[in-house]
Structure formats: structure tokens, C-alpha cells
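Asks: Here you go, this is model_39.json (JSON, N, CA and C atoms).
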[["chain", "number", "residue", "atom", "x", "y", "z"],
["A", 1, "MET", "N", 90.75, 108.30, 99.23],
["A", 1, "MET", "CA", 89.52, 107.55, 99.20],
["A", 1, "MET", "C", 89.47, 106.53, 100.35],
["A", 2, "LEU", "N", 90.55, 105.78, 100.55],
["A", 2, "LEU", "CA", 90.60, 104.80, 101.64],
["A", 2, "LEU", "C", 90.45, 105.49, 102.98],
["A", 3, "GLU", "N", 91.18, 106.59, 103.15],
["A", 3, "GLU", "CA", 91.10, 107.29, 104.44],
["A", 3, "GLU", "C", 89.68, 107.81, 104.68],
["A", 4, "ARG", "N", 89.07, 108.33, 103.64],
["A", 4, "ARG", "CA", 87.74, 108.89, 103.80],
["A", 4, "ARG", "C", 86.71, 107.80, 104.09],
["A", 5, "ASP", "N", 86.83, 106.67, 103.42],
["A", 5, "ASP", "CA", 85.82, 105.62, 103.53],
["A", 5, "ASP", "C", 86.04, 104.64, 104.67],
["A", 6, "ARG", "N", 87.28, 104.29, 104.95],
["A", 6, "ARG", "CA", 87.54, 103.22, 105.92],
["A", 6, "ARG", "C", 88.44, 103.62, 107.08],
["A", 7, "LEU", "N", 89.14, 104.72, 106.95],
["A", 7, "LEU", "CA", 90.05, 105.16, 108.01],
["A", 7, "LEU", "C", 89.67, 106.56, 108.44],
["A", 8, "THR", "N", 90.64, 107.36, 108.74],
["A", 8, "THR", "CA", 90.43, 108.75, 109.13],
["A", 8, "THR", "C", 91.29, 109.62, 108.23],
["A", 9, "PRO", "N", 90.74, 110.70, 107.67],
["A", 9, "PRO", "CA", 91.54, 111.57, 106.82],
["A", 9, "PRO", "C", 92.82, 112.03, 107.53],
["A", 10, "GLY", "N", 93.95, 111.88, 106.87],
["A", 10, "GLY", "CA", 95.24, 112.30, 107.40],
["A", 10, "GLY", "C", 95.97, 111.23, 108.20],
["A", 11, "MET", "N", 95.34, 110.09, 108.46],
["A", 11, "MET", "CA", 95.95, 109.06, 109.29],
["A", 11, "MET", "C", 97.22, 108.50, 108.66],
["A", 12, "VAL", "N", 97.21, 108.23, 107.37],
["A", 12, "VAL", "CA", 98.39, 107.67, 106.71],
["A", 12, "VAL", "C", 99.54, 108.66, 106.78],
["A", 13, "SER", "N", 99.26, 109.90, 106.51],
["A", 13, "SER", "CA", 100.28, 110.94, 106.58],
["A", 13, "SER", "C", 100.84, 111.06, 107.99],
["A", 14, "ALA", "N", 99.97, 111.03, 108.99],
["A", 14, "ALA", "CA", 100.42, 111.12, 110.37],
["A", 14, "ALA", "C", 101.30, 109.93, 110.74],
["A", 15, "ALA", "N", 100.89, 108.74, 110.36],
["A", 15, "ALA", "CA", 101.67, 107.54, 110.68],
["A", 15, "ALA", "C", 103.03, 107.58, 109.98],
["A", 16, "LEU", "N", 103.04, 107.99, 108.73],
["A", 16, "LEU", "CA", 104.30, 108.08, 107.98],
["A", 16, "LEU", "C", 105.22, 109.13, 108.60],
["A", 17, "SER", "N", 104.65, 110.23, 109.00],
["A", 17, "SER", "CA", 105.44, 111.30, 109.63],
["A", 17, "SER", "C", 106.03, 110.85, 110.96],
["A", 18, "VAL", "N", 105.23, 110.21, 111.79],
["A", 18, "VAL", "CA", 105.73, 109.74, 113.09],
["A", 18, "VAL", "C", 106.82, 108.69, 112.88],
["A", 19, "TRP", "N", 106.60, 107.76, 111.96],
["A", 19, "TRP", "CA", 107.60, 106.72, 111.71],
["A", 19, "TRP", "C", 108.90, 107.34, 111.18],
["A", 20, "SER", "N", 108.80, 108.31, 110.31],
["A", 20, "SER", "CA", 109.98, 108.97, 109.76],
["A", 20, "SER", "C", 110.77, 109.67, 110.85],
["A", 21, "VAL", "N", 110.09, 110.39, 111.71],
["A", 21, "VAL", "CA", 110.77, 111.09, 112.81],
["A", 21, "VAL", "C", 111.50, 110.09, 113.69],
["A", 22, "ARG", "N", 110.85, 108.99, 114.02],
["A", 22, "ARG", "CA", 111.48, 108.01, 114.89],
["A", 22, "ARG", "C", 112.68, 107.35, 114.23],
["A", 23, "VAL", "N", 112.55, 107.03, 112.97],
["A", 23, "VAL", "CA", 113.67, 106.39, 112.26],
["A", 23, "VAL", "C", 114.86, 107.34, 112.15],
["A", 24, "HIS", "N", 114.59, 108.63, 111.99],
["A", 24, "HIS", "CA", 115.67, 109.61, 111.83],
["A", 24, "HIS", "C", 116.23, 110.12, 113.15],
["A", 25, "THR", "N", 115.64, 109.74, 114.27],
["A", 25, "THR", "CA", 116.12, 110.20, 115.57],
["A", 25, "THR", "C", 117.51, 109.63, 115.82],
["A", 26, "GLU", "N", 118.44, 110.48, 116.18],
["A", 26, "GLU", "CA", 119.82, 110.08, 116.40],
["A", 26, "GLU", "C", 120.02, 109.27, 117.67],
["A", 27, "ARG", "N", 119.32, 109.63, 118.70],
["A", 27, "ARG", "CA", 119.48, 108.93, 119.97],
["A", 27, "ARG", "C", 118.63, 107.67, 119.99],
["A", 28, "ARG", "N", 118.89, 106.83, 120.95],
["A", 28, "ARG", "CA", 118.07, 105.64, 121.12],
["A", 28, "ARG", "C", 116.69, 106.09, 121.60],
["A", 29, "TRP", "N", 115.66, 105.68, 120.92],
["A", 29, "TRP", "CA", 114.32, 106.12, 121.29],
["A", 29, "TRP", "C", 113.58, 105.05, 122.06],
["A", 30, "ARG", "N", 112.64, 105.53, 122.80],
["A", 30, "ARG", "CA", 111.82, 104.63, 123.62],
["A", 30, "ARG", "C", 110.66, 104.11, 122.78],
["A", 31, "ARG", "N", 110.18, 102.92, 123.11],
["A", 31, "ARG", "CA", 109.11, 102.30, 122.32],
["A", 31, "ARG", "C", 107.91, 103.22, 122.13],
["A", 32, "TRP", "N", 107.49, 103.93, 123.17],
["A", 32, "TRP", "CA", 106.30, 104.77, 123.08],
["A", 32, "TRP", "C", 106.47, 105.93, 122.10],
["A", 33, "GLU", "N", 107.71, 106.26, 121.78],
["A", 33, "GLU", "CA", 107.94, 107.38, 120.86],
["A", 33, "GLU", "C", 107.60, 107.02, 119.42],
["A", 34, "ALA", "N", 107.43, 105.76, 119.10],
["A", 34, "ALA", "CA", 107.03, 105.36, 117.76],
["A", 34, "ALA", "C", 105.52, 105.17, 117.66],
["A", 35, "GLU", "N", 104.82, 105.61, 118.69],
["A", 35, "GLU", "CA", 103.37, 105.52, 118.69],
["A", 35, "GLU", "C", 102.78, 106.88, 118.36],
["A", 36, "PHE", "N", 101.56, 106.86, 117.94],
["A", 36, "PHE", "CA", 100.85, 108.11, 117.84],
["A", 36, "PHE", "C", 99.47, 107.92, 118.43],
["A", 37, "THR", "N", 98.98, 108.96, 119.03],
["A", 37, "THR", "CA", 97.67, 108.94, 119.64],
["A", 37, "THR", "C", 96.91, 110.16, 119.14],
["A", 38, "CYS", "N", 95.76, 109.90, 118.62],
["A", 38, "CYS", "CA", 94.95, 110.98, 118.06],
["A", 38, "CYS", "C", 93.48, 110.61, 118.30],
["A", 39, "PRO", "N", 92.65, 111.56, 118.70],
["A", 39, "PRO", "CA", 91.24, 111.24, 118.93],
["A", 39, "PRO", "C", 90.57, 110.71, 117.65],
["A", 40, "CYS", "N", 91.06, 111.13, 116.50],
["A", 40, "CYS", "CA", 90.47, 110.69, 115.22],
["A", 40, "CYS", "C", 91.09, 109.38, 114.73],
["A", 41, "CYS", "N", 92.41, 109.29, 114.77],
["A", 41, "CYS", "CA", 93.14, 108.17, 114.16],
["A", 41, "CYS", "C", 93.27, 106.97, 115.08],
["A", 42, "GLY", "N", 93.03, 107.17, 116.36],
["A", 42, "GLY", "CA", 93.24, 106.09, 117.31],
["A", 42, "GLY", "C", 94.65, 106.13, 117.83],
["A", 43, "GLU", "N", 95.13, 105.00, 118.29],
["A", 43, "GLU", "CA", 96.48, 104.97, 118.82],
["A", 43, "GLU", "C", 97.14, 103.67, 118.41],
["A", 44, "GLY", "N", 98.42, 103.64, 118.50],
["A", 44, "GLY", "CA", 99.18, 102.45, 118.15],
["A", 44, "GLY", "C", 100.51, 102.82, 117.55],
["A", 45, "TRP", "N", 101.26, 101.81, 117.19],
["A", 45, "TRP", "CA", 102.54, 102.05, 116.55],
["A", 45, "TRP", "C", 102.33, 102.55, 115.14],
["A", 46, "ALA", "N", 103.03, 103.60, 114.77],
["A", 46, "ALA", "CA", 102.89, 104.16, 113.43],
["A", 46, "ALA", "C", 103.20, 103.11, 112.37],
["A", 47, "ARG", "N", 104.25, 102.31, 112.59],
["A", 47, "ARG", "CA", 104.63, 101.31, 111.59],
["A", 47, "ARG", "C", 103.57, 100.23, 111.45],
["A", 48, "ASP", "N", 102.90, 99.89, 112.54],
["A", 48, "ASP", "CA", 101.80, 98.92, 112.48],
["A", 48, "ASP", "C", 100.67, 99.47, 111.62],
["A", 49, "LYS", "N", 100.35, 100.73, 111.81],
["A", 49, "LYS", "CA", 99.28, 101.36, 111.02],
["A", 49, "LYS", "C", 99.65, 101.36, 109.55],
["A", 50, "LEU", "N", 100.91, 101.67, 109.26],
["A", 50, "LEU", "CA", 101.35, 101.68, 107.86],
["A", 50, "LEU", "C", 101.23, 100.29, 107.25],
["A", 51, "GLU", "N", 101.55, 99.27, 108.00],
["A", 51, "GLU", "CA", 101.44, 97.90, 107.50],
["A", 51, "GLU", "C", 99.98, 97.57, 107.19],
["A", 52, "GLU", "N", 99.09, 97.95, 108.06],
["A", 52, "GLU", "CA", 97.66, 97.73, 107.83],
["A", 52, "GLU", "C", 97.21, 98.41, 106.53],
["A", 53, "VAL", "N", 97.62, 99.65, 106.38],
["A", 53, "VAL", "CA", 97.21, 100.43, 105.21],
["A", 53, "VAL", "C", 97.77, 99.82, 103.93],
["A", 54, "LEU", "N", 99.01, 99.33, 103.97],
["A", 54, "LEU", "CA", 99.60, 98.73, 102.77],
["A", 54, "LEU", "C", 98.77, 97.55, 102.26],
["A", 55, "PHE", "N", 98.12, 96.84, 103.14],
["A", 55, "PHE", "CA", 97.28, 95.72, 102.74],
["A", 55, "PHE", "C", 95.88, 96.16, 102.31],
["A", 56, "MET", "N", 95.49, 97.35, 102.71],
["A", 56, "MET", "CA", 94.15, 97.86, 102.39],
["A", 56, "MET", "C", 94.11, 98.62, 101.07],
["A", 57, "LEU", "N", 95.24, 99.22, 100.70],
["A", 57, "LEU", "CA", 95.28, 100.05, 99.50],
["A", 57, "LEU", "C", 95.23, 99.23, 98.22],
["A", 58, "PRO", "N", 94.73, 99.83, 97.15],
["A", 58, "PRO", "CA", 94.83, 99.17, 95.85],
["A", 58, "PRO", "C", 96.30, 99.05, 95.45],
["A", 59, "PRO", "N", 96.65, 98.12, 94.59],
["A", 59, "PRO", "CA", 98.06, 97.83, 94.27],
["A", 59, "PRO", "C", 98.92, 99.04, 93.91],
["A", 60, "ARG", "N", 98.46, 99.91, 93.07],
["A", 60, "ARG", "CA", 99.28, 101.06, 92.65],
["A", 60, "ARG", "C", 99.57, 102.00, 93.81],
["A", 61, "ALA", "N", 98.54, 102.33, 94.57],
["A", 61, "ALA", "CA", 98.73, 103.22, 95.71],
["A", 61, "ALA", "C", 99.60, 102.55, 96.78],
["A", 62, "ALA", "N", 99.41, 101.25, 96.98],
["A", 62, "ALA", "CA", 100.23, 100.53, 97.95],
["A", 62, "ALA", "C", 101.69, 100.54, 97.54],
["A", 63, "ALA", "N", 101.95, 100.39, 96.25],
["A", 63, "ALA", "CA", 103.33, 100.39, 95.76],
["A", 63, "ALA", "C", 103.99, 101.74, 96.02],
["A", 64, "GLU", "N", 103.26, 102.81, 95.83],
["A", 64, "GLU", "CA", 103.81, 104.15, 96.06],
["A", 64, "GLU", "C", 104.14, 104.36, 97.55],
["A", 65, "LEU", "N", 103.23, 103.95, 98.41],
["A", 65, "LEU", "CA", 103.49, 104.08, 99.85],
["A", 65, "LEU", "C", 104.60, 103.13, 100.28],
["A", 66, "ARG", "N", 104.61, 101.93, 99.73],
["A", 66, "ARG", "CA", 105.63, 100.93, 100.09],
["A", 66, "ARG", "C", 107.04, 101.46, 99.83],
["A", 67, "VAL", "N", 107.24, 102.21, 98.77],
["A", 67, "VAL", "CA", 108.57, 102.79, 98.48],
["A", 67, "VAL", "C", 109.01, 103.67, 99.64],
["A", 68, "GLN", "N", 108.12, 104.49, 100.13],
["A", 68, "GLN", "CA", 108.47, 105.39, 101.23],
["A", 68, "GLN", "C", 108.72, 104.61, 102.52],
["A", 69, "VAL", "N", 107.85, 103.65, 102.80],
["A", 69, "VAL", "CA", 107.98, 102.87, 104.02],
["A", 69, "VAL", "C", 109.25, 102.03, 103.99],
["A", 70, "GLU", "N", 109.54, 101.40, 102.86],
["A", 70, "GLU", "CA", 110.74, 100.57, 102.76],
["A", 70, "GLU", "C", 112.02, 101.39, 102.89],
["A", 71, "ARG", "N", 112.01, 102.60, 102.41],
["A", 71, "ARG", "CA", 113.17, 103.48, 102.57],
["A", 71, "ARG", "C", 113.43, 103.74, 104.06],
["A", 72, "LEU", "N", 112.38, 103.99, 104.80],
["A", 72, "LEU", "CA", 112.52, 104.20, 106.24],
["A", 72, "LEU", "C", 112.92, 102.91, 106.94],
["A", 73, "ASP", "N", 112.33, 101.80, 106.52],
["A", 73, "ASP", "CA", 112.68, 100.51, 107.12],
["A", 73, "ASP", "C", 114.15, 100.18, 106.92],
["A", 74, "GLU", "N", 114.66, 100.44, 105.75],
["A", 74, "GLU", "CA", 116.07, 100.17, 105.48],
["A", 74, "GLU", "C", 116.97, 100.98, 106.40],
["A", 75, "MET", "N", 116.59, 102.25, 106.62],
["A", 75, "MET", "CA", 117.37, 103.09, 107.53],
["A", 75, "MET", "C", 117.31, 102.53, 108.94],
["A", 76, "LEU", "N", 116.12, 102.10, 109.38],
["A", 76, "LEU", "CA", 115.99, 101.53, 110.70],
["A", 76, "LEU", "C", 116.85, 100.27, 110.83],
["A", 77, "LEU", "N", 116.85, 99.43, 109.84],
["A", 77, "LEU", "CA", 117.65, 98.20, 109.88],
["A", 77, "LEU", "C", 119.15, 98.51, 109.97],
["A", 78, "ARG", "N", 119.59, 99.56, 109.28],
["A", 78, "ARG", "CA", 121.01, 99.93, 109.32],
["A", 78, "ARG", "C", 121.41, 100.49, 110.68],
["A", 79, "ARG", "N", 120.49, 101.16, 111.35],
["A", 79, "ARG", "CA", 120.82, 101.87, 112.58],
["A", 79, "ARG", "C", 120.52, 101.09, 113.85],
["A", 80, "THR", "N", 119.91, 99.94, 113.73],
["A", 80, "THR", "CA", 119.53, 99.18, 114.91],
["A", 80, "THR", "C", 120.03, 97.74, 114.79],
["A", 81, "HIS", "N", 119.79, 96.98, 115.83],
["A", 81, "HIS", "CA", 120.13, 95.56, 115.77],
["A", 81, "HIS", "C", 118.97, 94.74, 116.36],
["A", 82, "HIS", "N", 119.02, 93.46, 116.09],
["A", 82, "HIS", "CA", 117.98, 92.56, 116.56],
["A", 82, "HIS", "C", 118.03, 92.43, 118.08],
["A", 83, "ASP", "N", 116.88, 92.52, 118.70],
["A", 83, "ASP", "CA", 116.78, 92.35, 120.14],
["A", 83, "ASP", "C", 116.44, 90.89, 120.42],
["A", 84, "ARG", "N", 117.42, 90.14, 120.89],
["A", 84, "ARG", "CA", 117.23, 88.71, 121.13],
["A", 84, "ARG", "C", 116.17, 88.41, 122.19],
["A", 85, "ALA", "N", 115.93, 89.37, 123.06],
["A", 85, "ALA", "CA", 114.95, 89.16, 124.13],
["A", 85, "ALA", "C", 113.52, 89.43, 123.68],
["A", 86, "ALA", "N", 113.36, 89.98, 122.49],
["A", 86, "ALA", "CA", 112.02, 90.33, 122.01],
["A", 86, "ALA", "C", 111.22, 89.09, 121.64],
["A", 87, "ASP", "N", 109.95, 89.19, 121.78],
["A", 87, "ASP", "CA", 109.03, 88.11, 121.44],
["A", 87, "ASP", "C", 109.10, 87.84, 119.93],
["A", 88, "PRO", "N", 109.43, 86.63, 119.51],
["A", 88, "PRO", "CA", 109.56, 86.33, 118.09],
["A", 88, "PRO", "C", 108.25, 86.41, 117.32],
["A", 89, "GLU", "N", 107.14, 86.49, 118.03],
["A", 89, "GLU", "CA", 105.83, 86.61, 117.38],
["A", 89, "GLU", "C", 105.56, 88.05, 116.92],
["A", 90, "LEU", "N", 106.32, 88.99, 117.45],
["A", 90, "LEU", "CA", 106.13, 90.39, 117.09],
["A", 90, "LEU", "C", 106.65, 90.66, 115.68],
["A", 91, "ALA", "N", 106.12, 91.70, 115.07],
["A", 91, "ALA", "CA", 106.62, 92.13, 113.76],
["A", 91, "ALA", "C", 108.10, 92.52, 113.91],
["A", 92, "TRP", "N", 108.84, 92.42, 112.84],
["A", 92, "TRP", "CA", 110.31, 92.63, 112.90],
["A", 92, "TRP", "C", 110.66, 94.00, 113.48],
["A", 93, "TRP", "N", 109.87, 95.04, 113.18],
["A", 93, "TRP", "CA", 110.23, 96.38, 113.66],
["A", 93, "TRP", "C", 110.06, 96.50, 115.17],
["A", 94, "HIS", "N", 109.29, 95.62, 115.77],
["A", 94, "HIS", "CA", 109.16, 95.60, 117.23],
["A", 94, "HIS", "C", 110.32, 94.86, 117.87],
["A", 95, "ARG", "N", 111.09, 94.14, 117.09],
["A", 95, "ARG", "CA", 112.20, 93.34, 117.63],
["A", 95, "ARG", "C", 113.56, 94.01, 117.38],
["A", 96, "ARG", "N", 113.55, 95.31, 117.10],
["A", 96, "ARG", "CA", 114.79, 96.05, 116.87],
["A", 96, "ARG", "C", 115.11, 96.92, 118.07],
["A", 97, "CYS", "N", 116.39, 97.12, 118.33],
["A", 97, "CYS", "CA", 116.78, 98.03, 119.40],
["A", 97, "CYS", "C", 118.07, 98.72, 118.98]]
Reformat the file's structure so that it appears as C-alpha cells.
Replies:
Amino acid sequence: MLERDRLTPGMVSAALSVWSVRVHTERRWRRWEAEFTCPCCGEGWARDKLEEVLFMLPPRAAAELRVQVERLDEMLLRRTHHDRAADPELAWWHRRC
């Protein structure tokens, strides 16, 4: 319903898929690899899009998506470290390397 009315159908799935692939990548990935670009969905960091959606969804749906996102976030936190040179104003996932 949210995708149909306020976003683009499939955008949440695409963002979750891109974020999952990046989190599971064994090698060090480049910042642009965590982005997605689609004529329908727009462009940007997949994790940023997921964060936006988590605030837009009704509580129950947000909780279900949050479980998936947090699982990926935990993996990212285990596999990366804080980048001291990163802008502290950025979201935490932008400050990981």
C-alpha cells in the first residue's frame, strides 16, 4: 500500500536486496556499490531508503521490516569498523569502512 501510494512498487524490496548484497560482500566494497539507481525508484543509498521507509510504514509493517534491516546492520557492524575521517553528521552506516 505504501509503495503504491507514496513510493514506487518494488522499491523496498530493491533497497533491501541491494543492502543485503552489499552487507554480504566478502571484499571491501566501494561506496557507490551500496547505491541503487532505477528510473522508477530514483537513486540513493539503499540503507537510506530503508530508513525512510521505516518511518513511513505503520508500526506493525515497520517492525517486520526493521527485523530484516537490523539483522543486516548487525552483520555490517561486525564486519566493518568506524571511519574516523567520516563526517559525524552522516548516518552511522555511512561512517563504516
Asks: Work out how far apart atom C of Asp48 in chain A and CA of Ala14 in chain A are and give it in Å to one decimal.
Replies: 11.7 Å
Asks: Tell me, as a list in words, which residues lie within 7 Å of range 75-82 of chain A, counting only C-alpha atoms; anything in the same chain fewer than 2 positions away does not count.
Replies: Val23, Arg71, Leu72, Asp73, Arg84, Arg95, Arg96 and Cys97 of chain A
Asks: List the spatial neighbours of Leu16 in chain A as a ChimeraX atom specification - criterion: any atom at most 7 Å away, all atoms listed in the file, same-chain residues fewer than 6 positions off excluded.
Replies: /A:46-47,50
Asks: Could you please determine the separation between CA of Thr25 in chain A and atom C of Arg66 in chain A in Å, to one decimal place?
Replies: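 It comes out at 20.2 Å.
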Asks: When you draw a straight line from CA of Glu64 in chain A to CA of Pro88 in chain A, how long is it in Å?
Replies: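 Separation between CA of Glu64 in chain A and CA of Pro88 in chain A: 28.9 Å.
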Asks: Which one of A:Val69, A:Ala63, A:Leu90, A:Val18 sits closest to Glu51 in chain A if you count only C-alpha atoms?
Replies: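 Nearest candidate to Glu51 in chain A out of A:Val69, A:Ala63, A:Leu90, A:Val18: A:Val69.
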